[in-house]
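Next comes run_8.cif, a file with mmCIF, C-alpha atoms.
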```
data_model
#
loop_
_atom_site.label_atom_id
_atom_site.label_comp_id
_atom_site.auth_asym_id
_atom_site.auth_seq_id
_atom_site.Cartn_x
_atom_site.Cartn_y
_atom_site.Cartn_z
CA MET A 1 70.54 -2.21 -83.59
CA ILE A 2 71.56 -0.61 -80.35
CA LEU A 3 68.15 1.03 -79.89
CA ASP A 4 66.29 -2.24 -80.33
CA SER A 5 68.52 -4.07 -77.89
CA SER A 6 68.19 -1.32 -75.26
CA LEU A 7 64.38 -1.44 -75.60
CA VAL A 8 64.51 -5.19 -75.03
CA TRP A 9 66.91 -4.69 -72.12
CA LEU A 10 64.51 -2.21 -70.46
CA HIS A 11 61.62 -4.59 -71.09
CA ASP A 12 63.51 -7.40 -69.31
CA THR A 13 64.72 -5.40 -66.30
CA SER A 14 62.98 -6.35 -63.05
CA PHE A 15 61.51 -2.82 -62.99
CA GLY A 16 59.86 -3.28 -66.39
CA THR A 17 58.67 -6.74 -65.43
CA VAL A 18 57.03 -5.57 -62.19
CA ILE A 19 55.14 -2.82 -64.01
CA ARG A 20 54.03 -5.18 -66.74
CA GLU A 21 52.93 -8.01 -64.51
CA SER A 22 51.57 -6.31 -61.40
CA THR A 23 47.82 -5.72 -61.41
CA TRP A 24 47.99 -2.40 -59.63
CA ALA A 25 51.26 -0.80 -60.78
CA GLU A 26 50.05 0.34 -64.17
CA PRO A 27 46.66 1.82 -63.16
CA ILE A 28 48.17 3.58 -60.14
CA ILE A 29 51.10 5.04 -62.09
CA GLU A 30 48.84 6.06 -64.96
CA THR A 31 46.43 7.75 -62.56
CA ILE A 32 49.29 9.75 -61.04
CA HIS A 33 50.49 10.61 -64.57
CA VAL A 34 47.08 11.87 -65.67
CA LEU A 35 46.17 13.70 -62.47
CA THR A 36 49.52 15.50 -62.31
CA LEU A 37 48.42 17.04 -65.61
CA THR A 38 46.06 19.24 -63.60
CA VAL A 39 49.09 20.98 -62.12
CA PHE A 40 51.64 20.69 -64.90
CA LEU A 41 49.49 21.27 -67.98
CA GLY A 42 47.29 23.69 -66.05
CA PHE A 43 50.19 25.91 -65.04
CA VAL A 44 51.81 25.67 -68.49
CA ILE A 45 48.54 26.90 -70.02
CA VAL A 46 48.29 29.72 -67.48
CA LEU A 47 51.89 30.74 -68.23
CA ASP A 48 51.33 30.60 -72.00
CA LEU A 49 48.13 32.59 -71.76
CA ARG A 50 50.02 35.19 -69.72
CA LEU A 51 52.70 35.42 -72.43
CA LEU A 52 49.83 35.92 -74.89
CA ASP A 53 48.45 38.76 -72.68
CA LEU A 54 45.21 36.88 -72.10
CA ILE A 55 45.27 36.16 -68.37
CA LEU A 56 46.46 37.67 -65.05
CA LEU A 57 47.37 40.92 -66.79
CA ARG A 58 47.93 42.74 -63.50
CA ALA A 59 50.75 40.40 -62.49
CA ARG A 60 54.17 40.80 -64.08
CA VAL A 61 55.52 37.94 -66.17
CA SER A 62 58.54 37.66 -63.87
CA ALA A 63 56.26 37.34 -60.82
CA ILE A 64 54.31 34.56 -62.53
CA PHE A 65 57.52 32.74 -63.45
CA ARG A 66 58.72 33.00 -59.88
CA GLN A 67 55.43 31.71 -58.51
CA LEU A 68 54.86 28.87 -60.96
CA ASN A 69 58.40 27.60 -61.59
CA PRO A 70 58.78 25.36 -58.53
CA TRP A 71 55.38 23.78 -59.25
CA LEU A 72 56.17 23.38 -62.94
CA PHE A 73 59.49 21.68 -62.23
CA GLY A 74 58.04 19.52 -59.46
CA SER A 75 55.07 18.35 -61.49
CA PHE A 76 57.19 17.85 -64.60
CA ALA A 77 59.50 15.60 -62.58
CA ILE A 78 56.47 13.52 -61.56
CA MET A 79 55.25 13.39 -65.19
CA LEU A 80 58.71 12.26 -66.29
CA VAL A 81 59.16 9.57 -63.64
CA THR A 82 55.65 8.14 -64.09
CA GLY A 83 55.91 8.42 -67.88
CA ILE A 84 59.22 6.55 -68.01
CA SER A 85 57.82 3.93 -65.63
CA LEU A 86 54.81 3.35 -67.88
CA PHE A 87 57.13 3.17 -70.87
CA ALA A 88 59.34 0.61 -69.09
CA GLY A 89 56.33 -1.69 -68.81
CA ASP A 90 56.48 -2.42 -72.52
CA PRO A 91 59.09 -0.30 -74.35
CA VAL A 92 59.03 -2.34 -77.55
CA LEU A 93 55.27 -2.01 -77.87
CA PHE A 94 55.29 1.73 -77.08
CA TYR A 95 58.14 2.49 -79.41
CA GLY A 96 56.34 0.64 -82.18
CA THR A 97 53.50 3.17 -82.23
CA ILE A 98 53.69 6.29 -84.35
CA PHE A 99 52.05 8.35 -81.57
CA PHE A 100 54.82 7.56 -79.10
CA LYS A 101 57.50 8.78 -81.51
CA LEU A 102 55.44 11.86 -82.33
CA LYS A 103 54.91 12.57 -78.63
CA MET A 104 58.65 12.41 -77.93
CA LEU A 105 59.31 14.71 -80.88
CA MET A 106 56.73 17.23 -79.62
CA LEU A 107 58.21 17.03 -76.09
CA LEU A 108 61.64 17.77 -77.51
CA ALA A 109 60.26 20.70 -79.51
CA ALA A 110 58.49 22.06 -76.40
CA ALA A 111 61.78 21.84 -74.45
CA LEU A 112 63.63 23.57 -77.28
CA ASN A 113 61.00 26.31 -77.24
CA VAL A 114 61.74 26.95 -73.55
CA VAL A 115 65.52 26.95 -74.14
CA VAL A 116 65.26 29.41 -77.02
CA PHE A 117 63.04 31.71 -74.95
CA ASN A 118 65.43 31.60 -71.98
CA LEU A 119 68.41 32.41 -74.20
CA THR A 120 66.70 35.33 -75.95
CA LEU A 121 63.71 37.15 -74.44
CA GLY A 122 64.23 35.50 -71.07
CA ARG A 123 67.53 37.36 -70.72
CA SER A 124 65.94 40.73 -71.41
CA LEU A 125 62.88 39.96 -69.29
CA MET A 126 63.58 42.80 -66.85
CA GLN A 127 63.49 45.28 -69.75
CA TRP A 128 59.99 44.37 -70.94
CA ASP A 129 58.55 43.03 -67.72
CA ALA A 130 56.93 46.33 -66.70
CA ARG A 131 55.51 47.13 -70.15
CA ALA A 132 51.77 46.97 -70.74
CA THR A 133 52.05 44.25 -73.38
CA THR A 134 54.46 41.37 -73.92
CA PRO A 135 56.78 41.53 -76.96
CA ARG A 136 55.83 39.69 -80.13
CA GLY A 137 58.50 37.03 -79.52
CA ALA A 138 56.98 36.18 -76.14
CA LYS A 139 53.57 35.82 -77.75
CA ILE A 140 55.02 33.47 -80.36
CA THR A 141 56.69 31.44 -77.61
CA GLY A 142 53.38 31.20 -75.72
CA LEU A 143 51.41 30.17 -78.79
CA LEU A 144 54.03 27.60 -79.85
CA SER A 145 54.11 26.18 -76.35
CA LEU A 146 50.31 25.85 -76.24
CA LEU A 147 50.20 24.11 -79.62
CA LEU A 148 53.07 21.77 -78.75
CA TRP A 149 51.60 20.74 -75.38
CA ILE A 150 48.20 20.19 -76.97
CA SER A 151 49.95 17.87 -79.46
CA VAL A 152 51.73 16.07 -76.61
CA VAL A 153 48.37 15.41 -74.90
CA ALA A 154 46.77 14.35 -78.18
CA CYS A 155 49.64 11.95 -78.96
CA GLY A 156 49.42 10.57 -75.41
CA ARG A 157 45.76 9.78 -75.98
CA GLY A 158 46.71 8.36 -79.35
CA ILE A 159 49.14 5.90 -77.74
CA ALA A 160 46.46 4.63 -75.35
CA TYR A 161 44.13 4.26 -78.29
CA VAL A 162 46.32 2.23 -80.65
CA LEU A 163 47.78 -0.03 -77.94
CA PRO A 164 45.68 -3.09 -77.21
CA PRO A 165 44.10 -2.96 -73.71
CA PRO A 166 46.26 -4.71 -71.07
CA MET B 1 12.99 0.50 -59.31
CA SER B 2 12.51 3.98 -57.92
CA ALA B 3 11.18 6.79 -60.08
CA LEU B 4 14.58 8.47 -60.10
CA ALA B 5 16.37 5.32 -61.24
CA ALA B 6 13.78 4.70 -63.95
CA TRP B 7 14.08 8.27 -65.16
CA THR B 8 17.88 8.07 -65.15
CA LEU B 9 17.88 4.83 -67.11
CA ALA B 10 15.44 6.31 -69.64
CA PHE B 11 17.75 9.31 -69.99
CA CYS B 12 20.75 7.01 -70.54
CA ARG B 13 18.81 5.10 -73.20
CA TRP B 14 17.91 8.35 -74.90
CA CYS B 15 21.59 9.48 -74.87
CA ASN B 16 22.69 6.14 -76.23
CA GLY B 17 20.29 6.44 -79.14
CA SER B 18 20.92 10.15 -79.72
CA TYR B 19 22.63 11.59 -82.75
CA PHE B 20 25.87 12.24 -80.80
CA GLY B 21 25.98 8.73 -79.39
CA HIS B 22 25.64 7.25 -82.87
CA VAL B 23 28.07 9.53 -84.66
CA ILE B 24 30.86 9.26 -82.08
CA ARG B 25 30.40 5.50 -81.64
CA ASP B 26 30.58 4.92 -85.38
CA SER B 27 33.70 7.01 -85.91
CA ALA B 28 37.19 5.63 -85.34
CA TRP B 29 38.73 8.94 -84.28
CA LEU B 30 35.93 11.12 -82.83
CA PHE B 31 36.07 9.52 -79.37
CA PRO B 32 39.80 10.15 -78.78
CA PHE B 33 39.37 13.58 -80.42
CA VAL B 34 36.72 14.58 -77.87
CA GLU B 35 38.81 12.99 -75.11
CA VAL B 36 41.71 15.32 -75.92
CA PHE B 37 39.44 18.34 -75.30
CA HIS B 38 38.28 16.74 -72.05
CA LEU B 39 41.93 16.35 -70.94
CA LEU B 40 43.01 19.84 -72.01
CA ALA B 41 40.09 21.37 -70.11
CA LEU B 42 41.05 19.17 -67.15
CA GLY B 43 44.50 20.75 -67.23
CA LEU B 44 43.21 24.31 -67.31
CA LEU B 45 40.54 23.66 -64.68
CA GLY B 46 43.13 22.03 -62.45
CA GLY B 47 45.64 24.83 -62.97
CA THR B 48 43.23 27.66 -62.19
CA LEU B 49 41.58 25.82 -59.32
CA VAL B 50 44.91 24.95 -57.70
CA LEU B 51 46.10 28.58 -57.96
CA VAL B 52 42.93 29.90 -56.28
CA ASN B 53 43.08 27.23 -53.58
CA LEU B 54 46.77 27.82 -52.94
CA SER B 55 45.93 31.47 -52.45
CA LEU B 56 43.23 30.47 -49.94
CA LEU B 57 45.83 28.33 -48.18
CA GLY B 58 48.05 31.39 -47.80
CA ILE B 59 50.40 30.78 -50.75
CA ARG B 60 49.59 34.11 -52.33
CA PHE B 61 49.98 34.89 -55.99
CA GLY B 62 52.15 38.01 -56.14
CA SER B 63 50.36 40.85 -54.36
CA ALA B 64 46.89 39.89 -55.54
CA SER B 65 44.27 39.02 -52.93
CA THR B 66 42.41 35.74 -53.35
CA ALA B 67 39.30 37.60 -54.50
CA GLU B 68 41.24 39.53 -57.16
CA LEU B 69 43.00 36.40 -58.37
CA ALA B 70 39.73 34.48 -58.51
CA ARG B 71 38.04 37.30 -60.44
CA GLU B 72 40.73 37.07 -63.12
CA LEU B 73 40.77 33.29 -63.28
CA ARG B 74 37.02 32.68 -63.05
CA PRO B 75 36.20 33.01 -66.78
CA TRP B 76 38.89 30.41 -67.55
CA MET B 77 37.79 28.19 -64.72
CA PHE B 78 34.12 28.20 -65.67
CA GLY B 79 35.03 28.05 -69.35
CA SER B 80 36.99 24.86 -68.77
CA ILE B 81 34.20 23.42 -66.61
CA GLY B 82 31.88 24.11 -69.56
CA VAL B 83 34.20 22.32 -71.99
CA MET B 84 34.53 19.41 -69.56
CA LEU B 85 30.76 19.06 -69.11
CA LEU B 86 30.13 19.24 -72.85
CA SER B 87 32.94 16.86 -73.89
CA GLY B 88 32.09 14.60 -70.94
CA PHE B 89 28.47 14.42 -72.06
CA LEU B 90 29.55 13.54 -75.60
CA LEU B 91 31.83 10.75 -74.34
CA PHE B 92 29.08 9.53 -72.02
CA SER B 93 26.49 9.40 -74.80
CA THR B 94 28.49 6.74 -76.65
CA GLU B 95 28.00 4.22 -73.85
CA ALA B 96 25.37 5.79 -71.61
CA VAL B 97 23.49 2.60 -70.76
CA LYS B 98 26.71 0.79 -69.86
CA MET B 99 27.68 3.74 -67.64
CA TYR B 100 24.32 3.61 -65.84
CA GLY B 101 25.34 0.45 -64.03
CA ASN B 102 28.98 1.44 -63.52
CA TRP B 103 29.71 2.21 -59.85
CA ALA B 104 32.71 4.39 -60.73
CA PHE B 105 30.53 6.52 -62.97
CA GLN B 106 27.86 6.90 -60.28
CA LEU B 107 30.55 7.91 -57.80
CA LYS B 108 32.07 10.39 -60.25
CA MET B 109 28.73 12.03 -60.99
CA THR B 110 27.85 12.30 -57.29
CA LEU B 111 31.20 13.92 -56.52
CA LEU B 112 30.90 16.16 -59.58
CA LEU B 113 27.52 17.41 -58.39
CA LEU B 114 28.95 18.09 -54.92
CA ALA B 115 32.06 19.77 -56.36
CA LEU B 116 29.98 22.02 -58.63
CA LEU B 117 27.59 22.96 -55.84
CA PHE B 118 30.49 23.67 -53.50
CA THR B 119 32.33 25.75 -56.11
CA LEU B 120 29.26 27.85 -56.89
CA THR B 121 28.25 28.46 -53.29
CA LEU B 122 30.54 28.19 -50.24
CA HIS B 123 33.83 28.26 -52.19
CA ARG B 124 32.78 31.41 -53.99
CA LYS B 125 31.48 33.00 -50.81
CA VAL B 126 34.69 32.39 -48.83
CA ILE B 127 36.85 33.64 -51.74
CA ASP B 128 34.91 36.89 -52.04
CA ALA B 129 34.47 37.47 -48.29
CA GLN B 130 36.35 40.46 -46.93
CA ARG B 131 37.19 38.91 -43.60
CA THR B 132 37.38 35.19 -42.90
CA SER B 133 39.62 33.28 -40.55
CA ALA B 134 42.63 31.43 -41.92
CA GLY B 135 41.11 28.16 -40.70
CA VAL B 136 37.91 28.64 -42.69
CA ARG B 137 39.89 29.56 -45.80
CA ALA B 138 42.19 26.56 -45.48
CA ALA B 139 39.28 24.18 -44.86
CA THR B 140 37.45 25.57 -47.90
CA ALA B 141 40.53 25.08 -50.09
CA LEU B 142 41.06 21.52 -48.86
CA ILE B 143 37.41 20.54 -49.39
CA SER B 144 37.52 21.99 -52.91
CA LEU B 145 40.77 20.17 -53.77
CA LEU B 146 39.55 16.87 -52.31
CA LEU B 147 36.17 17.02 -54.07
CA TRP B 148 37.75 17.71 -57.45
CA LEU B 149 40.46 15.12 -56.85
CA GLY B 150 37.66 12.67 -56.11
CA VAL B 151 36.01 13.53 -59.43
CA GLY B 152 39.34 12.91 -61.19
CA LEU B 153 39.94 9.61 -59.42
CA GLY B 154 36.37 8.56 -60.23
CA GLY B 155 37.09 9.34 -63.87
CA ARG B 156 40.21 7.18 -63.82
CA ALA B 157 38.41 4.33 -62.07
CA LEU B 158 35.70 4.60 -64.72
CA GLY B 159 38.13 3.65 -67.45
CA TYR B 160 39.34 0.60 -65.55
CA VAL B 161 35.90 -0.58 -64.46
CA THR B 162 34.71 -0.32 -68.07
CA THR B 163 37.75 -2.19 -69.34
CA ALA B 164 37.30 -4.92 -66.76
CA ALA B 165 33.59 -5.34 -67.61
CA SER B 166 34.19 -5.45 -71.36
CA THR B 167 37.02 -7.97 -70.87
CA LEU B 168 34.62 -10.18 -68.94
CA THR B 169 31.95 -10.08 -71.60
CA GLY B 170 34.57 -10.50 -74.30
CA GLN B 171 33.66 -7.31 -76.13
#
```
What would you get if you wrote out this structure as structure tokens?
Amino acid sequence: MILDSSLVWLHDTSFGTVIRESTWAEPIIETIHVLTLTVFLGFVIVLDLRLLDLILLRARVSAIFRQLNPWLFGSFAIMLVTGISLFAGDPVLFYGTIFFKLKMLMLLAAALNVVVFNLTLGRSLMQWDARATTPRGAKITGLLSLLLWISVVACGRGIAYVLPPP
Amino acid sequence: MSALAAWTLAFCRWCNGSYFGHVIRDSAWLFPFVEVFHLLALGLLGGTLVLVNLSLLGIRFGSASTAELARELRPWMFGSIGVMLLSGFLLFSTEAVKMYGNWAFQLKMTLLLLALLFTLTLHRKVIDAQRTSAGVRAATALISLLLWLGVGLGGRALGYVTTAASTLTGQ
């Protein structure tokens, strides 16, 4: 199958080999991956709580987007690069776990959630931005996002737990 | 052995033998379950702390002053510290005696104590002060970020030191 052969290909690239065989690559990359959570996950939670009208009520949603977006994109890029690097260390092993597949599914769903929001309520943001409460759709987006990211973290922990220690 | 060390070891033994230690150790999924809460609280603590410290560094959040921002974020910040302490204690109680001799754990706890003290005293004072120089604010933010980063790095090292030790003893 093409998927299997590409997993093996990634495993055998010099990049994958370095990560697998170096003593320090994996712990360093994993540390960056986990500690970047403090910015990425932290700001996602703050944003979601704002959509749920639970935090920073005096700031407008648009102001919070403006403030957090560069940090969210920057930290997500770091999560992505470090995550793919860790995956490259042993793609066959990772892909073999149910938690990895679940995590990717949840990531996809979280991305879809953002796209749907941007195409609908995101477009009319300026109309409800100044209102005292966020519309119901925004609250649903926030709640969904929270639940999905919690699942992503839980699946991530799950992967570490079912994989044998290096 | 000093009195403090003896007392600490006795405390670790007590944790190890406590109800929580037993229950979590004996369950296949409770440990990772508690770990997920530890990580989620880490995210929220990091997020709120970074926002407040950015504000101290001059990267303001909208039109809110640092004191106003901190007032809004504080319940979430202290709430997540509470969840971290509680979940951390539960994780610790499953292997408390092993942790006692783990240098990464000792480092993490020392930094945690410093970070908590700093957050509750000087950090708070500078945030709420009406007039402070930009230098003092920036220094306060950097010390706060570095202390908490140290706690995080200690936590990461902890996992690797434990793994290394258990590999050596073949457990």
(request) Using the chain letters and numbers from the file, give me the residues hit by the PyMOL selection byres ((chain B) within 9 of (chain A)), as a PyMOL selection string. (result) chain B and resi 32-33+35-37+39-48+50-51+60-64+69+72-73+76+149+152-153+156-157+160+163
(request) Could you please determine the separation between CA of Met1 (chain A) and CA of Pro91 (chain A) in Å, to one decimal place? (result) 14.8 Å
(message) Once the PyMOL selection byres ((chain A and resi 101-103) around 9) has been evaluated on this model, what residues remain selected, and can you format them as a list in words?
(response)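 Taken on the displayed file, the PyMOL selection byres ((chain A and resi 101-103) around 9) yields the residues Phe94, Tyr95, Gly96, Thr97, Ile98, Phe99, Phe100, Met104, Leu105, Met106, Leu107, Leu108, Ser151, Val152, Val153, Ala154, Cys155, Gly156 and Ile159 of chain A.
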(request) Just give me the gap between CA of Val52 (chain B) and CA of Ile127 (chain B) in Å, one decimal is fine. (result) 8.5 Å
Selection result of the PyMOL selection byres ((chain A and resi 14-20) around 9) on this file, as a short mmCIF file (atom, residue, chain, number, x, y, z; two decimals) with C-alpha atoms, in the coordinates of the input:
```cif
data_model
loop_
_atom_site.label_atom_id
_atom_site.label_comp_id
_atom_site.auth_asym_id
_atom_site.auth_seq_id
_atom_site.Cartn_x
_atom_site.Cartn_y
_atom_site.Cartn_z
CA LEU A 10 64.51 -2.21 -70.46
CA HIS A 11 61.62 -4.59 -71.09
CA ASP A 12 63.51 -7.40 -69.31
CA THR A 13 64.72 -5.40 -66.30
CA GLU A 21 52.93 -8.01 -64.51
CA SER A 22 51.57 -6.31 -61.40
CA THR A 23 47.82 -5.72 -61.41
CA TRP A 24 47.99 -2.40 -59.63
CA ALA A 25 51.26 -0.80 -60.78
CA GLU A 26 50.05 0.34 -64.17
CA SER A 85 57.82 3.93 -65.63
CA LEU A 86 54.81 3.35 -67.88
CA PHE A 87 57.13 3.17 -70.87
CA ALA A 88 59.34 0.61 -69.09
CA GLY A 89 56.33 -1.69 -68.81
CA ASP A 90 56.48 -2.42 -72.52
CA PRO A 91 59.09 -0.30 -74.35
CA PRO A 166 46.26 -4.71 -71.07
#
```
(message) One number please: CA of Gly135 (chain B) to CA of Asn53 (chain B), in Å, one decimal.
(response)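 These two atoms are separated by 13.1 Å.
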(message) I'd like to know which of B:Leu117, B:Cys12, B:Ala96, B:Val126 is closest to Trp148 (chain B), using only C-alpha atoms.
(response) B:Leu117
(message) Under the rule that all atoms listed in the file are counted, which of B:Ala115, B:Trp7, B:Phe31, B:Asn16 is the nearest residue to Lys98 (chain B)?
(response)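 So, comparing all the options, the nearest one is B:Asn16.
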(request) Considering all atoms listed in the file, return as a PyMOL selection string whatever protein or nucleic-acid residues lie within 12 Å of Ser133 (chain B), sequence-local ones (same chain, fewer than 6 positions apart) excluded. (result) chain B and resi 56-58+126-127+139-140
At a cut-off of 8 Å, using all atoms listed in the file, what residues contact Phe105 (chain B)? Leave out same-chain residues fewer than 3 positions from it and give the result as a PDB file with C-alpha atoms, keeping the file's coordinate frame.
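File written: out.pdb
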```pdb
ATOM      1  CA  MET B  99      27.680   3.740 -67.640  1.00  0.00           C
ATOM      2  CA  TYR B 100      24.320   3.610 -65.840  1.00  0.00           C
ATOM      3  CA  ASN B 102      28.980   1.440 -63.520  1.00  0.00           C
ATOM      4  CA  LYS B 108      32.070  10.390 -60.250  1.00  0.00           C
ATOM      5  CA  MET B 109      28.730  12.030 -60.990  1.00  0.00           C
ATOM      6  CA  GLY B 154      36.370   8.560 -60.230  1.00  0.00           C
ATOM      7  CA  GLY B 155      37.090   9.340 -63.870  1.00  0.00           C
ATOM      8  CA  LEU B 158      35.700   4.600 -64.720  1.00  0.00           C
TER       9      LEU B 158
END
```
(request) Excluding region 129-141 of chain A and any residue of its chain fewer than 2 positions from it, enumerate the residues within 9 Å of it, using only C-alpha atoms, and give them as a PyMOL selection string. (result) chain A and resi 48-53+57+60-62+113-114+116-117+121-122+124-127+143-146
(message) Using only C-alpha atoms for the distances, tell me which of B:Val97, B:Leu120, B:Val161, B:Ala104 is nearest to Gly21 (chain B).
(response) B:Val97
